Amino acid sequence: MSTFKEIRGTLIKSVSSDPANPILGEMWYNSTPGSQALKGVVSITGQWSSGGNLNTARDGLAGCGTQSAGLAFAGELAPGPTKSTDTEEYNGSSWSEQNNLSTARKVPGGLGTQTAALCFGGFNDPGVTVVPATEEYGGTSWTSGGNLGTGRYNITGRGTQTAGLAFGGSPPGAAGLVNTEEYGGTSWTTGGNLPVAKRSGGSAGTQTAGLSFGGLVNPNTNINTTEEYDGSSWTSGGNMNNTRRTLVGDGPQTAALAFGGFGSSNSSKTEKYDGTSWTVAPDMATARRYLAGAGTQTAGLGFGGYSPSGKTTATEEFTDGTITQTFTTST
């Protein structure tokens with residue numbers, strides 16, 4: 001009969017306490033008196049749970065921050081088509097109204113933290129009027145920043161207020177753009193182009209380690225590709241399991257979370273990226289597109305969007321976790 005070392009290539013370690021962040025398939029013997037058990041990680045999963053509702057139902061909004069300090073802004077109000085300047089802050093349980101954006105807009109880009117955020121691009125009425133303006137949030141109010149070099153909507157971005165990254169998107173009449181821009185705290189400069197022109201994709205990471213995934217390409221095709229940015233150029237990453245657009249994401253480039261969007265219908269699908277490939281995680285409770293998000297892979301936040309019942313205020317919180325099993329002679 002094969003030994004564990006022959007199968008896994010390692011011996012089972014004897015430890016005095018369970019490891020803090022075990023990986024899938026890892027096994028150990030806890031030698032502490034009273035425990036003295038063989039244990040192993042049999043599943044790494046996660047779950048969505050309900051959070052406090054937004055005060056204003058909307059889709060096409062942007063968001064940033066963390067699960068316990070989130071920020072929601074812009075969007076289109078119910079029933080539409082009025083574009084919004086509304087800004088709300090999340091404290092981990094409820095949303096509170098804050099000072100509004102100067103310019104109403106739908107599907108802008110958003111990045112940063114609750115006290116240092118950036119809103120850029122989007123469109124306003126009448127018709128589809130592109131908003132190239134950037135606004136900076138300091139935790140109390142919005143002030144003007146430098147305009148995008150290329151005005152667009154359905155634009156995606158990640159990073160910080162002083163080191164931001166914006167890419168893709170669409171001007172009126174175009175299916176998508178390859179343009180990438182970097183924000184230095186006052187103005188946007190040109191970065192390396194995406195390998196494919198697209199809009200309405202998801203994003204994660206930073207200005208020097210960005211991630212783009214999913215989206216819509218010409219003429220009207222959803223994609224599942226992933227691209228990684230190193231501060232100057234994009235390279236291909238692992239494909240997503242679910243093809244979709246108008247999804248959102250959060251976390252760093254090597255530990256990202258993607259959720260929601262639209263495939264053949266509104267999506268509740270959730271996936272996790274490890275820097276190489278995507279794995280499927282539990283679905284959101286409410287399938288929706290044009291939602292916003294914040295947080296990390298282990299503590300994500302999804303809010304707003306367009307659900308089967310229309311524009312929604314629903315907020316959901318994602319918590320990642322592991323399932324550790326204690327092995328006995330009867331296991």
# chains A, B, ... in the order shown; residues from 1 in each chain; ligands from 1
call {"tool": "residues_around", "arguments": {"residues": "A:Lys272", "least_positions_apart": "2", "cutoff": "10 Å", "atoms": "only C-alpha atoms", "output": "mmCIF file with C-alpha atoms, in the first residue's frame"}}
result
data_model
loop_
_atom_site.group_PDB
_atom_site.id
_atom_site.type_symbol
_atom_site.label_atom_id
_atom_site.label_comp_id
_atom_site.auth_asym_id
_atom_site.auth_seq_id
_atom_site.Cartn_x
_atom_site.Cartn_y
_atom_site.Cartn_z
ATOM 1 C CA THR A 45 -14.911 27.568 -0.357
ATOM 2 C CA MET A 240 -12.596 32.467 -16.634
ATOM 3 C CA GLY A 249 -14.102 42.238 -9.105
ATOM 4 C CA ASP A 250 -11.799 43.090 -6.250
ATOM 5 C CA GLY A 251 -8.574 42.044 -4.550
ATOM 6 C CA THR A 254 -2.866 37.127 -7.577
ATOM 7 C CA ALA A 255 -5.925 36.761 -5.326
ATOM 8 C CA ALA A 256 -8.893 38.309 -7.128
ATOM 9 C CA LEU A 257 -12.628 37.775 -6.800
ATOM 10 C CA ALA A 258 -15.063 38.131 -9.745
ATOM 11 C CA PHE A 259 -18.849 38.096 -9.459
ATOM 12 C CA THR A 270 -18.511 33.888 -8.485
ATOM 13 C CA ASP A 274 -4.844 32.750 -7.895
ATOM 14 C CA GLY A 275 -2.608 34.500 -10.419
ATOM 15 C CA SER A 277 -6.292 30.155 -13.052
ATOM 16 C CA TRP A 278 -9.888 30.719 -11.974
ATOM 17 C CA THR A 279 -11.872 28.396 -9.697
ATOM 18 C CA VAL A 280 -15.618 28.423 -9.139
ATOM 19 C CA ALA A 281 -16.920 29.735 -5.785
ATOM 20 C CA GLN A 297 -11.034 37.813 -2.271
ATOM 21 C CA THR A 298 -11.656 36.750 1.336
#
call {"tool": "residues_around", "arguments": {"residues": "stretch 177-189 of chain A", "least_positions_apart": "5", "cutoff": "8 Å", "atoms": "only C-alpha atoms", "output": "PyMOL selection string"}}
result
chain A and resi 145-150+161-170+194-199+207
call {"tool": "select_by_dssp", "arguments": {"residues": "stretch 34-280 of chain A", "states": "strand (DSSP E)", "output": "number ranges by chain"}}
result
A: 37-50, 58-59, 62-65, 70-73, 76-77, 87-90, 95-98, 109-113, 116-120, 123-124, 129-130, 134-137, 142-144, 156-160, 163-167, 180-183, 188-190, 202-205, 210-213, 216-217, 221-222, 226-229, 234-236, 248-250, 256-259, 270-273, 278-280
call {"tool": "closest_residue", "arguments": {"among": "A:Val217, A:Ala174, A:Val131, A:Ala294", "to": "A:Val107", "atoms": "only C-alpha atoms"}}
result
A:Val131
call {"tool": "residues_around", "arguments": {"residues": "stretch 305-316 of chain A", "least_positions_apart": "6", "cutoff": "8 Å", "atoms": "only C-alpha atoms", "output": "PyMOL selection string"}}
result
chain A and resi 48-61+77-79+266+284-292
call {"tool": "atom_distance", "arguments": {"atom1": "atom CA of A:Ser141", "atom2": "atom CA of A:Asn100"}}
result
7.3 Å
call {"tool": "closest_residue", "arguments": {"among": "A:Tyr153, A:Tyr273, A:Phe213, A:Phe318", "to": "A:Gly75", "atoms": "only C-alpha atoms"}}
result
A:Tyr153
call {"tool": "atom_distance", "arguments": {"atom1": "atom CA of A:Gly159", "atom2": "atom CA of A:Ser203"}}
result
9.9 Å
call {"tool": "residues_around", "arguments": {"residues": "A:Pro252", "least_positions_apart": "3", "cutoff": "8 Å", "atoms": "only C-alpha atoms", "output": "list of chain:residue names"}}
result
A:Ala204, A:Gly205, A:Thr206, A:Ala209, A:Gly210, A:Ala255, A:Ala256, A:Thr296
call {"tool": "write_last_selection", "arguments": {"atoms": "N, CA and C atoms", "output": "mmCIF file, in the first residue's frame"}}
result
data_model
loop_
_atom_site.group_PDB
_atom_site.id
_atom_site.type_symbol
_atom_site.label_atom_id
_atom_site.label_comp_id
_atom_site.auth_asym_id
_atom_site.auth_seq_id
_atom_site.Cartn_x
_atom_site.Cartn_y
_atom_site.Cartn_z
ATOM 1 N N ALA A 204 -9.286 44.107 -11.083
ATOM 2 C CA ALA A 204 -8.721 43.945 -9.750
ATOM 3 C C ALA A 204 -7.275 44.420 -9.818
ATOM 4 N N GLY A 205 -6.610 44.465 -8.658
ATOM 5 C CA GLY A 205 -5.191 44.771 -8.635
ATOM 6 C C GLY A 205 -4.844 46.232 -8.433
ATOM 7 N N THR A 206 -3.650 46.598 -8.922
ATOM 8 C CA THR A 206 -3.082 47.928 -8.728
ATOM 9 C C THR A 206 -2.574 48.473 -10.065
ATOM 10 N N ALA A 209 0.227 46.182 -11.065
ATOM 11 C CA ALA A 209 -0.134 44.754 -11.090
ATOM 12 C C ALA A 209 -1.644 44.650 -11.244
ATOM 13 N N GLY A 210 -2.127 45.047 -12.416
ATOM 14 C CA GLY A 210 -3.564 45.106 -12.678
ATOM 15 C C GLY A 210 -4.095 43.830 -13.285
ATOM 16 N N ALA A 255 -4.879 37.286 -6.214
ATOM 17 C CA ALA A 255 -5.925 36.761 -5.326
ATOM 18 C C ALA A 255 -7.195 37.566 -5.532
ATOM 19 N N ALA A 256 -7.746 37.488 -6.746
ATOM 20 C CA ALA A 256 -8.893 38.309 -7.128
ATOM 21 C C ALA A 256 -10.200 37.547 -6.987
ATOM 22 N N THR A 296 -11.887 42.382 -0.875
ATOM 23 C CA THR A 296 -10.827 41.455 -1.240
ATOM 24 C C THR A 296 -11.426 40.097 -1.586
#
call {"tool": "residues_around", "arguments": {"residues": "A:Ser264", "least_positions_apart": "2", "cutoff": "10 Å", "atoms": "only C-alpha atoms", "output": "list in words"}}
result
Asn222, Thr243, Arg244, Arg245, Gly261, Phe262, Asn266 and Ser267 of chain A
call {"tool": "closest_residue", "arguments": {"among": "A:Thr276, A:Asn30, A:Ser96, A:Asn220", "to": "A:Ser236", "atoms": "only C-alpha atoms"}}
result
A:Thr276
